[in-house]
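What follows is the content of target05.cif, which has mmCIF, C-alpha atoms and all ligand atoms:
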data_start
loop_
_atom_site.label_atom_id
_atom_site.label_comp_id
_atom_site.auth_asym_id
_atom_site.auth_seq_id
_atom_site.Cartn_x
_atom_site.Cartn_y
_atom_site.Cartn_z
CA MET A 110 -42.35 161.00 -127.74
CA SER A 111 -41.93 162.01 -124.10
CA ASP A 112 -44.80 163.38 -122.04
CA PRO A 113 -45.35 167.01 -123.10
CA VAL A 114 -46.24 168.15 -119.53
CA PHE A 115 -48.89 170.60 -120.57
CA ASP A 116 -49.39 173.11 -117.76
CA LEU A 117 -52.10 175.72 -118.18
CA TYR A 118 -50.39 177.95 -115.63
CA SER A 119 -47.10 178.20 -117.49
CA THR A 120 -46.29 181.59 -118.98
CA GLY A 121 -45.20 179.81 -122.18
CA ILE A 122 -48.77 178.59 -122.70
CA ASP A 123 -50.16 182.11 -122.15
CA ALA A 124 -47.72 183.51 -124.72
CA ASP A 125 -48.01 180.77 -127.35
CA PRO A 126 -50.05 177.62 -126.75
CA PHE A 127 -50.03 176.48 -130.38
CA PRO A 128 -46.88 174.28 -130.55
CA SER A 129 -47.99 172.50 -127.36
CA TYR A 130 -51.50 172.05 -128.72
CA ALA A 131 -50.04 170.50 -131.89
CA ALA A 132 -48.02 168.02 -129.78
CA LEU A 133 -51.14 167.12 -127.80
CA ARG A 134 -53.29 166.65 -130.90
CA GLU A 135 -50.76 164.39 -132.58
CA HIS A 136 -49.48 162.35 -129.66
CA HIS A 137 -51.82 162.76 -126.66
CA PRO A 138 -55.29 163.66 -127.95
CA CYS A 139 -56.82 162.76 -124.59
CA TYR A 140 -54.19 164.09 -122.19
CA TRP A 141 -54.19 163.98 -118.40
CA SER A 142 -52.39 167.08 -117.13
CA ASP A 143 -50.97 166.18 -113.75
CA ALA A 144 -49.97 169.79 -113.29
CA ASN A 145 -53.58 170.95 -113.58
CA GLY A 146 -55.54 167.89 -112.44
CA LEU A 147 -57.64 167.71 -115.57
CA TRP A 148 -57.95 166.11 -118.99
CA ILE A 149 -57.31 168.19 -122.09
CA LEU A 150 -59.15 167.39 -125.32
CA SER A 151 -57.44 169.00 -128.27
CA ARG A 152 -58.68 167.48 -131.57
CA PHE A 153 -61.59 169.15 -133.37
CA GLU A 154 -63.76 166.06 -133.49
CA ASP A 155 -63.41 165.32 -129.77
CA VAL A 156 -63.82 168.91 -128.57
CA ASN A 157 -66.82 169.49 -130.81
CA ALA A 158 -68.48 166.22 -129.74
CA ALA A 159 -67.90 166.94 -126.03
CA ALA A 160 -69.28 170.49 -126.37
CA GLN A 161 -72.47 169.04 -127.91
CA ASP A 162 -72.82 166.28 -125.30
CA TRP A 163 -73.84 168.04 -122.08
CA ARG A 164 -75.18 164.79 -120.63
CA THR A 165 -71.64 163.41 -120.50
CA PHE A 166 -69.68 166.65 -120.20
CA SER A 167 -71.53 168.79 -117.70
CA SER A 168 -71.22 172.52 -116.99
CA THR A 169 -72.86 172.44 -113.55
CA SER A 170 -69.52 172.86 -111.76
CA GLY A 171 -68.88 175.91 -113.92
CA ASN A 172 -67.10 176.38 -117.24
CA LEU A 173 -64.13 178.34 -115.88
CA ILE A 174 -61.14 176.12 -115.18
CA ASP A 175 -60.57 178.10 -111.97
CA GLU A 176 -64.24 178.60 -111.20
CA LEU A 177 -65.29 181.59 -109.10
CA PRO A 178 -67.22 180.72 -105.92
CA GLY A 179 -70.89 181.72 -106.07
CA ARG A 180 -71.19 181.52 -109.87
CA THR A 181 -72.36 177.94 -110.29
CA GLY A 182 -75.97 176.87 -110.79
CA ALA A 183 -77.54 180.21 -111.66
CA THR A 184 -76.10 181.44 -114.94
CA LEU A 185 -75.72 180.20 -118.49
CA GLY A 186 -72.18 178.84 -118.39
CA THR A 187 -72.75 176.97 -115.11
CA THR A 188 -75.95 174.98 -115.75
CA ASP A 189 -77.09 172.06 -117.92
CA PRO A 190 -80.49 171.55 -119.55
CA PRO A 191 -83.30 171.69 -118.54
CA ARG A 192 -82.26 174.47 -116.14
CA HIS A 193 -79.94 175.92 -118.79
CA ASP A 194 -82.72 175.87 -121.45
CA ARG A 195 -84.94 177.94 -119.18
CA LEU A 196 -82.20 180.46 -118.33
CA ARG A 197 -81.07 180.67 -121.94
CA ALA A 198 -84.61 181.29 -123.23
CA LEU A 199 -85.23 184.05 -120.68
CA ALA A 200 -81.83 185.66 -121.28
CA ALA A 201 -82.16 185.36 -125.07
CA ALA A 202 -85.62 186.96 -124.92
CA ALA A 203 -84.14 189.91 -122.99
CA PHE A 204 -81.22 190.13 -125.43
CA ALA A 205 -83.55 190.02 -128.43
CA ARG A 206 -85.19 193.23 -127.25
CA LYS A 207 -81.98 195.00 -128.27
CA ASN A 208 -82.03 195.78 -131.94
CA MET A 209 -78.55 194.89 -133.26
CA ALA A 210 -78.67 197.31 -136.20
CA ALA A 211 -79.37 200.12 -133.72
CA LEU A 212 -75.99 199.43 -132.10
CA ILE A 213 -73.96 200.31 -135.21
CA GLU A 214 -74.02 204.07 -134.67
CA PRO A 215 -73.33 203.93 -130.88
CA THR A 216 -70.39 201.57 -131.55
CA ARG A 217 -68.94 203.91 -134.15
CA ALA A 218 -69.47 206.89 -131.83
CA VAL A 219 -67.74 205.22 -128.85
CA ALA A 220 -64.90 204.04 -131.13
CA THR A 221 -64.44 207.50 -132.70
CA SER A 222 -64.24 209.18 -129.31
CA ALA A 223 -61.82 206.57 -127.88
CA LEU A 224 -59.63 206.89 -130.97
CA ALA A 225 -59.49 210.70 -130.79
CA GLN A 226 -58.15 210.47 -127.21
CA ALA A 227 -55.72 207.67 -128.11
CA ARG A 228 -54.26 209.59 -131.06
CA GLU A 229 -53.53 212.59 -128.88
CA LYS A 230 -51.12 210.43 -126.91
CA GLY A 231 -49.00 209.51 -129.94
CA THR A 232 -48.06 206.06 -128.63
CA PHE A 233 -51.09 204.41 -127.05
CA ASP A 234 -52.19 201.07 -125.63
CA PHE A 235 -54.66 199.47 -128.03
CA ILE A 236 -56.35 197.67 -125.12
CA THR A 237 -56.73 200.38 -122.45
CA ASP A 238 -57.15 203.22 -124.93
CA PHE A 239 -59.26 201.54 -127.57
CA SER A 240 -60.66 198.00 -127.42
CA SER A 241 -61.67 197.95 -123.78
CA LYS A 242 -62.94 201.55 -123.90
CA VAL A 243 -65.18 200.61 -126.82
CA THR A 244 -66.46 197.34 -125.35
CA VAL A 245 -66.94 198.62 -121.79
CA GLY A 246 -68.51 201.84 -123.07
CA LEU A 247 -70.94 200.00 -125.30
CA LEU A 248 -71.80 197.21 -122.87
CA PHE A 249 -72.42 199.72 -120.10
CA GLN A 250 -74.71 201.68 -122.45
CA ILE A 251 -76.66 198.54 -123.44
CA MET A 252 -76.95 197.38 -119.85
CA GLY A 253 -77.71 200.85 -118.51
CA LEU A 254 -74.82 200.79 -116.02
CA PRO A 255 -73.21 204.05 -114.80
CA GLU A 256 -70.29 205.04 -117.02
CA SER A 257 -68.40 206.44 -114.03
CA ASP A 258 -67.90 202.86 -112.75
CA ALA A 259 -66.81 201.43 -116.10
CA ALA A 260 -63.01 201.65 -115.73
CA GLU A 261 -63.02 200.16 -112.22
CA ILE A 262 -65.36 197.31 -113.21
CA ARG A 263 -63.19 196.53 -116.22
CA ARG A 264 -60.15 196.32 -113.92
CA LYS A 265 -62.07 193.89 -111.70
CA VAL A 266 -63.22 191.79 -114.66
CA VAL A 267 -59.60 191.35 -115.77
CA LEU A 268 -58.63 190.42 -112.19
CA SER A 269 -61.49 187.94 -111.93
CA ILE A 270 -60.31 185.97 -114.97
CA SER A 271 -56.58 186.19 -114.24
CA THR A 272 -55.22 183.05 -112.68
CA ASP A 273 -52.37 183.21 -110.23
CA LYS A 274 -49.49 181.09 -111.42
CA GLU A 275 -47.86 180.89 -108.00
CA LYS A 276 -51.04 179.85 -106.23
CA ARG A 277 -51.95 177.39 -108.98
CA GLY A 278 -55.29 178.81 -109.87
CA ARG A 279 -57.68 181.04 -108.03
CA ASN A 280 -56.58 183.59 -105.49
CA GLU A 281 -58.15 185.97 -102.98
CA GLU A 282 -57.85 189.02 -105.21
CA GLN A 283 -59.65 187.21 -108.03
CA ILE A 284 -62.46 186.05 -105.74
CA ALA A 285 -62.82 189.50 -104.16
CA ALA A 286 -62.98 191.10 -107.63
CA PHE A 287 -65.86 188.83 -108.66
CA ARG A 288 -67.64 189.50 -105.34
CA ASP A 289 -67.38 193.26 -106.02
CA ILE A 290 -68.72 192.86 -109.58
CA SER A 291 -71.68 190.85 -108.21
CA GLN A 292 -72.36 193.45 -105.50
CA PHE A 293 -72.19 196.29 -108.03
CA ILE A 294 -74.75 194.52 -110.22
CA THR A 295 -76.95 193.54 -107.25
CA ASP A 296 -77.24 197.26 -106.38
CA GLU A 297 -78.13 198.06 -110.00
CA VAL A 298 -80.80 195.33 -110.12
CA GLU A 299 -82.35 196.68 -106.91
CA LYS A 300 -82.59 200.13 -108.51
CA ARG A 301 -84.41 198.56 -111.52
CA ARG A 302 -86.85 196.77 -109.22
CA VAL A 303 -87.89 200.18 -107.84
CA ALA A 304 -87.78 202.02 -111.17
CA PRO A 305 -87.53 199.94 -114.38
CA ARG A 306 -85.58 201.48 -117.27
CA ASP A 307 -85.06 200.81 -120.95
CA ASP A 308 -81.90 198.72 -120.56
CA LEU A 309 -80.67 195.13 -120.64
CA VAL A 310 -80.54 194.74 -116.85
CA THR A 311 -84.24 195.71 -116.63
CA ALA A 312 -85.01 193.43 -119.60
CA LEU A 313 -83.41 190.52 -117.71
CA ALA A 314 -85.19 191.39 -114.48
CA THR A 315 -88.57 191.52 -116.25
CA SER A 316 -88.05 188.81 -118.87
CA GLU A 317 -91.00 186.40 -118.65
CA ILE A 318 -91.98 183.18 -120.43
CA ASP A 319 -95.29 181.53 -119.45
CA GLY A 320 -95.24 183.33 -116.09
CA ASP A 321 -91.69 182.19 -115.32
CA ARG A 322 -89.09 184.84 -114.45
CA LEU A 323 -85.44 184.87 -113.45
CA SER A 324 -84.77 184.99 -109.69
CA ASP A 325 -82.77 187.94 -108.33
CA ARG A 326 -79.65 185.74 -108.09
CA GLU A 327 -80.11 184.59 -111.69
CA VAL A 328 -80.52 188.19 -112.90
CA VAL A 329 -77.36 189.24 -111.06
CA LEU A 330 -75.23 186.31 -112.24
CA THR A 331 -76.51 186.46 -115.82
CA SER A 332 -75.81 190.21 -115.90
CA ALA A 333 -72.34 189.48 -114.48
CA THR A 334 -71.78 186.95 -117.29
CA PHE A 335 -72.76 189.60 -119.85
CA VAL A 336 -70.43 192.14 -118.25
CA MET A 337 -67.52 189.68 -118.08
CA ALA A 338 -68.03 188.29 -121.59
CA GLY A 339 -68.97 191.61 -123.13
CA VAL A 340 -66.13 193.46 -121.52
CA GLU A 341 -63.32 190.95 -121.56
CA SER A 342 -63.95 188.29 -124.23
CA LEU A 343 -64.87 190.98 -126.71
CA SER A 344 -62.09 193.42 -125.87
CA SER A 345 -59.51 190.61 -125.91
CA PHE A 346 -60.83 189.27 -129.20
CA MET A 347 -60.68 192.71 -130.81
CA SER A 348 -57.09 193.05 -129.56
CA MET A 349 -56.12 189.69 -131.05
CA PHE A 350 -57.72 190.76 -134.32
CA ALA A 351 -55.72 194.03 -134.38
CA LEU A 352 -52.57 192.00 -133.69
CA ASN A 353 -53.34 189.65 -136.57
CA LEU A 354 -53.79 192.58 -138.94
CA HIS A 355 -50.44 193.88 -137.71
CA ASN A 356 -48.64 190.54 -138.02
CA TYR A 357 -50.14 189.84 -141.46
CA PRO A 358 -49.81 193.19 -143.29
CA ASP A 359 -50.93 191.67 -146.57
CA ALA A 360 -54.26 190.69 -144.95
CA ARG A 361 -54.60 194.23 -143.58
CA ARG A 362 -53.92 195.79 -146.97
CA ARG A 363 -56.52 193.56 -148.60
CA VAL A 364 -59.12 194.53 -145.98
CA LEU A 365 -58.29 198.22 -146.51
CA ALA A 366 -58.78 197.77 -150.26
CA ASP A 367 -62.08 195.89 -149.88
CA TRP A 368 -64.16 196.33 -146.71
CA ASN A 369 -66.22 193.26 -147.68
CA LEU A 370 -63.23 191.25 -146.47
CA LEU A 371 -63.47 192.68 -142.94
CA PRO A 372 -66.15 190.24 -141.65
CA LEU A 373 -64.25 187.35 -143.26
CA ALA A 374 -61.02 188.40 -141.58
CA ILE A 375 -62.87 188.56 -138.24
CA GLU A 376 -64.24 185.05 -138.74
CA GLU A 377 -60.77 183.74 -139.55
CA SER A 378 -59.40 185.40 -136.39
CA LEU A 379 -62.06 183.61 -134.33
CA ARG A 380 -60.65 180.37 -135.71
CA PHE A 381 -56.97 181.27 -135.81
CA ASN A 382 -56.37 182.61 -132.30
CA THR A 383 -59.59 183.35 -130.44
CA SER A 384 -59.32 184.89 -126.99
CA ALA A 385 -61.61 182.21 -125.47
CA GLN A 386 -59.11 179.34 -125.64
CA ARG A 387 -60.39 176.68 -123.20
CA PHE A 388 -63.51 175.94 -121.17
CA LYS A 389 -64.16 173.33 -118.52
CA ARG A 390 -66.66 170.48 -118.18
CA VAL A 391 -66.95 167.62 -115.67
CA ALA A 392 -67.54 164.02 -116.84
CA THR A 393 -70.81 162.55 -115.55
CA LYS A 394 -69.75 158.97 -116.37
CA ASN A 395 -66.65 157.02 -117.41
CA VAL A 396 -65.64 157.77 -121.00
CA GLU A 397 -63.16 155.74 -123.09
CA LEU A 398 -61.26 157.95 -125.52
CA HIS A 399 -58.03 157.31 -127.44
CA GLY A 400 -57.12 154.44 -125.09
CA GLN A 401 -57.65 156.53 -121.93
CA THR A 402 -60.45 156.42 -119.37
CA ILE A 403 -61.89 159.74 -118.30
CA LYS A 404 -63.54 158.85 -114.99
CA GLU A 405 -66.89 160.09 -113.72
CA GLY A 406 -66.22 163.33 -111.81
CA ASP A 407 -62.98 164.16 -113.68
CA ARG A 408 -62.48 167.70 -114.93
CA VAL A 409 -62.05 168.09 -118.69
CA ALA A 410 -60.76 171.14 -120.59
CA LEU A 411 -62.21 171.61 -124.07
CA ALA A 412 -59.39 173.34 -125.94
CA TYR A 413 -61.38 175.28 -128.55
CA GLY A 414 -58.21 177.14 -129.60
CA SER A 415 -56.49 173.84 -130.38
CA ALA A 416 -59.48 172.29 -132.16
CA ASN A 417 -59.49 175.31 -134.48
CA ARG A 418 -55.93 174.44 -135.58
CA ASP A 419 -56.62 170.77 -136.30
CA TRP A 420 -55.60 169.83 -139.88
CA ARG A 421 -58.24 167.09 -139.78
CA LYS A 422 -60.84 169.87 -139.93
CA PHE A 423 -59.07 172.88 -141.52
CA ARG A 424 -56.59 172.74 -144.39
CA ASN A 425 -53.26 174.50 -143.64
CA PRO A 426 -54.59 175.40 -140.19
CA ASP A 427 -51.57 177.48 -139.14
CA VAL A 428 -52.06 179.87 -142.06
CA TYR A 429 -54.08 183.04 -141.38
CA ASP A 430 -56.19 183.06 -144.52
CA ILE A 431 -58.85 185.77 -144.44
CA GLU A 432 -60.80 184.20 -147.29
CA ARG A 433 -60.96 180.77 -145.70
CA ARG A 434 -64.60 181.05 -144.44
CA PRO A 435 -63.94 178.58 -141.60
CA GLN A 436 -67.28 176.79 -141.35
CA GLY A 437 -67.94 175.22 -137.95
CA HIS A 438 -64.98 176.78 -136.11
CA LEU A 439 -65.20 176.71 -132.31
CA GLY A 440 -64.28 180.34 -131.60
CA PHE A 441 -67.71 180.79 -130.02
CA GLY A 442 -67.96 177.22 -128.68
CA ALA A 443 -70.63 174.76 -129.84
CA GLY A 444 -73.80 173.04 -128.69
CA SER A 445 -76.15 174.39 -126.04
CA HIS A 446 -73.51 176.78 -124.62
CA PHE A 447 -72.72 178.40 -127.98
CA CYS A 448 -71.92 182.05 -127.25
CA LEU A 449 -75.08 184.10 -126.78
CA GLY A 450 -73.23 187.29 -127.74
CA SER A 451 -71.68 185.99 -130.98
CA ASN A 452 -73.52 188.38 -133.29
CA LEU A 453 -72.97 191.31 -130.96
CA GLY A 454 -69.27 190.38 -130.80
CA ARG A 455 -68.96 190.25 -134.59
CA LEU A 456 -70.85 193.51 -135.11
CA VAL A 457 -68.94 195.52 -132.50
CA THR A 458 -65.56 194.23 -133.75
CA GLN A 459 -66.50 195.05 -137.33
CA GLU A 460 -67.74 198.58 -136.68
CA ALA A 461 -65.03 199.53 -134.18
CA MET A 462 -62.19 198.14 -136.32
CA ARG A 463 -63.50 199.89 -139.40
CA VAL A 464 -63.37 203.20 -137.52
CA PHE A 465 -59.86 202.31 -136.33
CA LEU A 466 -58.48 201.19 -139.70
CA GLU A 467 -59.98 204.13 -141.61
CA ALA A 468 -58.17 206.49 -139.25
CA ILE A 469 -55.00 204.41 -138.74
CA PRO A 470 -54.42 202.16 -141.75
CA GLU A 471 -50.80 201.59 -140.77
CA TYR A 472 -49.61 200.93 -137.22
CA HIS A 473 -46.67 199.29 -135.45
CA LEU A 474 -45.98 197.72 -132.07
CA ALA A 475 -44.05 200.01 -129.75
CA VAL A 476 -42.53 197.08 -127.81
CA GLU A 477 -40.42 194.10 -128.85
CA THR A 478 -42.25 191.52 -126.76
CA LEU A 479 -45.79 191.41 -125.48
CA THR A 480 -46.68 190.33 -121.94
CA TRP A 481 -49.64 187.96 -121.72
CA THR A 482 -52.40 187.87 -119.09
CA PRO A 483 -52.01 184.71 -117.00
CA SER A 484 -55.29 182.86 -117.51
CA SER A 485 -56.27 179.21 -117.69
CA ASN A 486 -59.27 179.98 -119.94
CA PHE A 487 -58.44 183.06 -121.96
CA ARG A 488 -55.56 184.44 -124.00
CA ALA A 489 -54.77 188.12 -124.53
CA PRO A 490 -51.85 190.47 -124.04
CA VAL A 491 -51.84 192.66 -120.92
CA ALA A 492 -51.23 195.67 -123.17
CA ILE A 493 -50.52 196.36 -126.86
CA PRO A 494 -48.43 199.54 -126.99
CA MET A 495 -48.88 200.94 -130.49
CA GLY A 496 -47.56 203.72 -132.65
CA ILE A 497 -49.20 205.23 -135.73
CA GLY A 498 -47.59 204.57 -139.11
CA ARG A 499 -44.56 202.39 -139.81
CA ALA A 500 -41.96 201.82 -137.08
C1 LIG A 601 -65.83 188.04 -129.83
C2 LIG A 601 -65.98 187.97 -128.53
C3 LIG A 601 -66.46 186.72 -127.81
C4 LIG A 601 -65.93 185.47 -127.81
C5 LIG A 601 -64.67 184.99 -128.54
C6 LIG A 601 -66.81 184.63 -127.00
C7 LIG A 601 -66.63 183.27 -126.79
C8 LIG A 601 -67.50 182.44 -126.09
C9 LIG A 601 -67.37 181.01 -125.95
C10 LIG A 601 -66.26 180.18 -126.54
C11 LIG A 601 -68.41 180.57 -125.21
C12 LIG A 601 -68.71 179.11 -124.84
C13 LIG A 601 -68.36 178.81 -123.39
C14 LIG A 601 -68.45 177.33 -123.05
O1 LIG A 601 -68.31 176.47 -123.94
O2 LIG A 601 -68.67 177.02 -121.85
C15 LIG A 601 -69.21 181.73 -124.87
C16 LIG A 601 -70.35 181.70 -124.12
C17 LIG A 601 -71.08 182.83 -123.78
N1 LIG A 601 -70.87 184.11 -124.22
FE1 LIG A 601 -69.42 184.74 -125.45
N2 LIG A 601 -67.83 185.41 -126.53
C18 LIG A 601 -67.66 186.69 -127.00
C19 LIG A 601 -68.48 187.77 -126.79
C20 LIG A 601 -69.61 187.76 -126.01
C21 LIG A 601 -70.46 188.89 -125.76
C22 LIG A 601 -70.28 190.28 -126.37
C23 LIG A 601 -71.45 188.47 -124.92
C24 LIG A 601 -72.62 189.21 -124.34
C25 LIG A 601 -72.64 190.42 -123.95
C26 LIG A 601 -71.23 187.05 -124.66
C27 LIG A 601 -72.00 186.27 -123.85
C28 LIG A 601 -71.84 184.93 -123.67
C29 LIG A 601 -72.71 184.13 -122.84
C30 LIG A 601 -73.91 184.63 -122.05
C31 LIG A 601 -72.23 182.81 -122.89
C32 LIG A 601 -72.79 181.58 -122.19
C33 LIG A 601 -73.77 180.87 -123.12
C34 LIG A 601 -74.35 179.61 -122.52
O3 LIG A 601 -73.70 178.97 -121.70
O4 LIG A 601 -75.50 179.31 -122.88
N3 LIG A 601 -70.10 186.67 -125.33
N4 LIG A 601 -68.64 182.87 -125.43
#
Taking this structure as input, can you express it in the form of structure tokens?
Ligand code: HEM
Amino acid sequence: MSDPVFDLYSTGIDADPFPSYAALREHHPCYWSDANGLWILSRFEDVNAAAQDWRTFSSTSGNLIDELPGRTGATLGTTDPPRHDRLRALAAAAFARKNMAALIEPTRAVATSALAQAREKGTFDFITDFSSKVTVGLLFQIMGLPESDAAEIRRKVVLSISTDKEKRGRNEEQIAAFRDISQFITDEVEKRRVAPRDDLVTALATSEIDGDRLSDREVVLTSATFVMAGVESLSSFMSMFALNLHNYPDARRRVLADWNLLPLAIEESLRFNTSAQRFKRVATKNVELHGQTIKEGDRVALAYGSANRDWRKFRNPDVYDIERRPQGHLGFGAGSHFCLGSNLGRLVTQEAMRVFLEAIPEYHLAVETLTWTPSSNFRAPVAIPMGIGRA
């Protein structure tokens, strides 16, 4: 077979990476992408092993393929143990102060209000009018950030993770957007230093283990990670889930008939087409894999989205089977960097989508083709124009 020329910046990969992933898994499981200057690991066993082995596959240069300047070394996705252990313990302690069950009602309230406004429009965009309103609204509540800034910060989060195809990676607008998010949070942290509040930013700023606390930079960058993950990963995931329930009407009907299937359908969506498709590591030593040599210092993309479609791990992997119970899927990563917000992500998706589906059990896409956000890490449509009922 000829070289597949896998290019993370191609619009085809944004729209549908799965046929290319399959070609990589079968014929080039350890693939050097000349176009992107990195290796791509695509089989479950390899991706899972690399995610667990931080000594060999390090995150210290950042886990974004087009890493944002100023993010490395001081937040969870850009450090290795022991520094990562310390940050993770302090961040997890702050997170644990939020009672998950207490978030059910606020999630349902934010979702109900977003839905009421969306329905008034007739045709609406599931992302702008629902999923991102719910996730931004809730995250801003948890973190204690001013709601008036929510829409603008969400716009900047999307910009900060959008890669520019023409410029092959990062661009000025993306960097400026991340700088603005960091400045916005820096100002909020300063306010908490003067007057602590009952919110997640204060909890991070005051989190303490054996006298050790996060530095100001660590509080800002960890808060920024929460905002970016909470706003974008979650909103994009919820959007992919709504698309799956549209594309697989039988699955949707079964969920509507038995709400116990809703968490199972969410878990299968995390496997089937998660929004967090690929994350980066850098090799700390030479690694021999499938006849190739990954050299010390080489960049390596862990294609979680591909690993989740590997038949060696999941039977009939291209089938969306809501009763599959996909044990060990990599939708939230694996190893020491396993998503800190996984339970929050599941809970918010479940509660918000229940509100949505109870009100709108039948919906259709109001466009023929979706446009996809250009991103080397993530996968989500730019918008999902939707109408209520059958087309
Ligand atoms: C369903 C939505 C979400 C998905 C699909 C998702 C996915 C992921 C994945 C795949 C990773 C691993 C990154 C790597 O390997 O380098 C990760 C890490 C992380 N996620 Fe999420 N995430 C979601 C929601 C959230 C939420 C709601 C939060 C918090 C508000 C969050 C916070 C984090 C943090 C802090 C990390 C870094 C953990 C570490 O490096 O120790 N995520 N997420």
Just give me the gap between CA of Asp321 in chain A and CA of Leu309 in chain A in Å, one decimal is fine.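 Calculated distance between CA of Asp321 in chain A and CA of Leu309 in chain A is 17.8 Å.
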Hey, can I get the axis-aligned box for range 317-322 of chain A? All listed atoms, 4 Å padding on each side, centre and edge lengths in Å to one decimal, as JSON.
{"center_x": -92.2, "center_y": 184.0, "center_z": -117.4, "size_x": 14.2, "size_y": 12.9, "size_z": 14.0}
Using only C-alpha atoms and all ligand atoms, determine which residues fall within 6 Å of ligand LIG 601 (chain A), then list them as number ranges by chain. A: 172, 185-186, 197, 334-335, 338-339, 342-343, 346, 383-385, 388, 440-442, 445-451, 453-454
For Asp427 in chain A, find every residue with an atom within 9 Å (counting only C-alpha atoms), except residues of its own chain fewer than 2 positions away, and show them as a ChimeraX atom specification. /A:127,381,418-420,424-425,429
Selected residues written out with C-alpha atoms, as a PDB file, in the coordinates of the input:
ATOM      1  CA  PHE A 127     -50.030 176.480-130.380  1.00  0.00           C
ATOM      2  CA  PHE A 381     -56.970 181.270-135.810  1.00  0.00           C
ATOM      3  CA  ARG A 418     -55.930 174.440-135.580  1.00  0.00           C
ATOM      4  CA  ASP A 419     -56.620 170.770-136.300  1.00  0.00           C
ATOM      5  CA  TRP A 420     -55.600 169.830-139.880  1.00  0.00           C
ATOM      6  CA  ARG A 424     -56.590 172.740-144.390  1.00  0.00           C
ATOM      7  CA  ASN A 425     -53.260 174.500-143.640  1.00  0.00           C
ATOM      8  CA  TYR A 429     -54.080 183.040-141.380  1.00  0.00           C
TER       9      TYR A 429
END
Near Ala260 in chain A, within 9 Å and counting all atoms listed in the file, which residues show up once chain neighbours fewer than 6 positions away are dropped, as a list in words? Ser241, Lys242 and Val245 of chain A
Quick one: pull the distance between CA of Asp407 in chain A and CA of Ala160 in chain A, Å, one decimal. 15.5 Å
With only C-alpha atoms as the counted atoms, please give the residues lying no more than 12 Å from Asn353 in chain A, apart from itself and same-chain residues fewer than 3 positions off, as a ChimeraX atom specification. /A:346-350,356-361,374-375,377-383,428-431,472-474
Range 136-172 of chain A from the block above, C-alpha atoms, as a PDB file, in the first residue's frame, please?
ATOM      1  CA  HIS A 136      -0.502  -0.611   7.462  1.00  0.00           C
ATOM      2  CA  HIS A 137       1.483   2.060   9.356  1.00  0.00           C
ATOM      3  CA  PRO A 138       0.839   1.624  13.089  1.00  0.00           C
ATOM      4  CA  CYS A 139       3.864   3.774  13.901  1.00  0.00           C
ATOM      5  CA  TYR A 140       3.630   6.449  11.213  1.00  0.00           C
ATOM      6  CA  TRP A 141       5.931   9.401  10.620  1.00  0.00           C
ATOM      7  CA  SER A 142       3.848  12.263   9.231  1.00  0.00           C
ATOM      8  CA  ASP A 143       6.200  14.385   7.171  1.00  0.00           C
ATOM      9  CA  ALA A 144       3.432  16.928   6.772  1.00  0.00           C
ATOM     10  CA  ASN A 145       3.213  17.450  10.527  1.00  0.00           C
ATOM     11  CA  GLY A 146       6.709  16.530  11.714  1.00  0.00           C
ATOM     12  CA  LEU A 147       5.505  13.956  14.201  1.00  0.00           C
ATOM     13  CA  TRP A 148       4.816  10.276  14.746  1.00  0.00           C
ATOM     14  CA  ILE A 149       1.240   9.053  14.966  1.00  0.00           C
ATOM     15  CA  LEU A 150       0.393   6.026  17.103  1.00  0.00           C
ATOM     16  CA  SER A 151      -2.986   4.630  16.180  1.00  0.00           C
ATOM     17  CA  ARG A 152      -3.449   1.105  17.613  1.00  0.00           C
ATOM     18  CA  PHE A 153      -5.116   0.722  21.015  1.00  0.00           C
ATOM     19  CA  GLU A 154      -2.286  -1.216  22.597  1.00  0.00           C
ATOM     20  CA  ASP A 155       0.392   1.295  21.552  1.00  0.00           C
ATOM     21  CA  VAL A 156      -1.592   4.424  22.408  1.00  0.00           C
ATOM     22  CA  ASN A 157      -2.655   3.036  25.772  1.00  0.00           C
ATOM     23  CA  ALA A 158       0.895   1.928  26.639  1.00  0.00           C
ATOM     24  CA  ALA A 159       2.375   5.308  25.635  1.00  0.00           C
ATOM     25  CA  ALA A 160      -0.257   7.207  27.660  1.00  0.00           C
ATOM     26  CA  GLN A 161       0.716   5.147  30.743  1.00  0.00           C
ATOM     27  CA  ASP A 162       4.470   5.555  30.193  1.00  0.00           C
ATOM     28  CA  TRP A 163       5.228   9.200  31.000  1.00  0.00           C
ATOM     29  CA  ARG A 164       8.914   8.407  31.509  1.00  0.00           C
ATOM     30  CA  THR A 165       9.235   7.622  27.801  1.00  0.00           C
ATOM     31  CA  PHE A 166       6.431   9.797  26.427  1.00  0.00           C
ATOM     32  CA  SER A 167       6.678  13.106  28.228  1.00  0.00           C
ATOM     33  CA  SER A 168       4.126  15.931  28.481  1.00  0.00           C
ATOM     34  CA  THR A 169       6.588  18.638  29.537  1.00  0.00           C
ATOM     35  CA  SER A 170       6.533  20.273  26.090  1.00  0.00           C
ATOM     36  CA  GLY A 171       2.749  20.391  26.337  1.00  0.00           C
ATOM     37  CA  ASN A 172       0.026  18.010  25.203  1.00  0.00           C
TER      38      ASN A 172
END
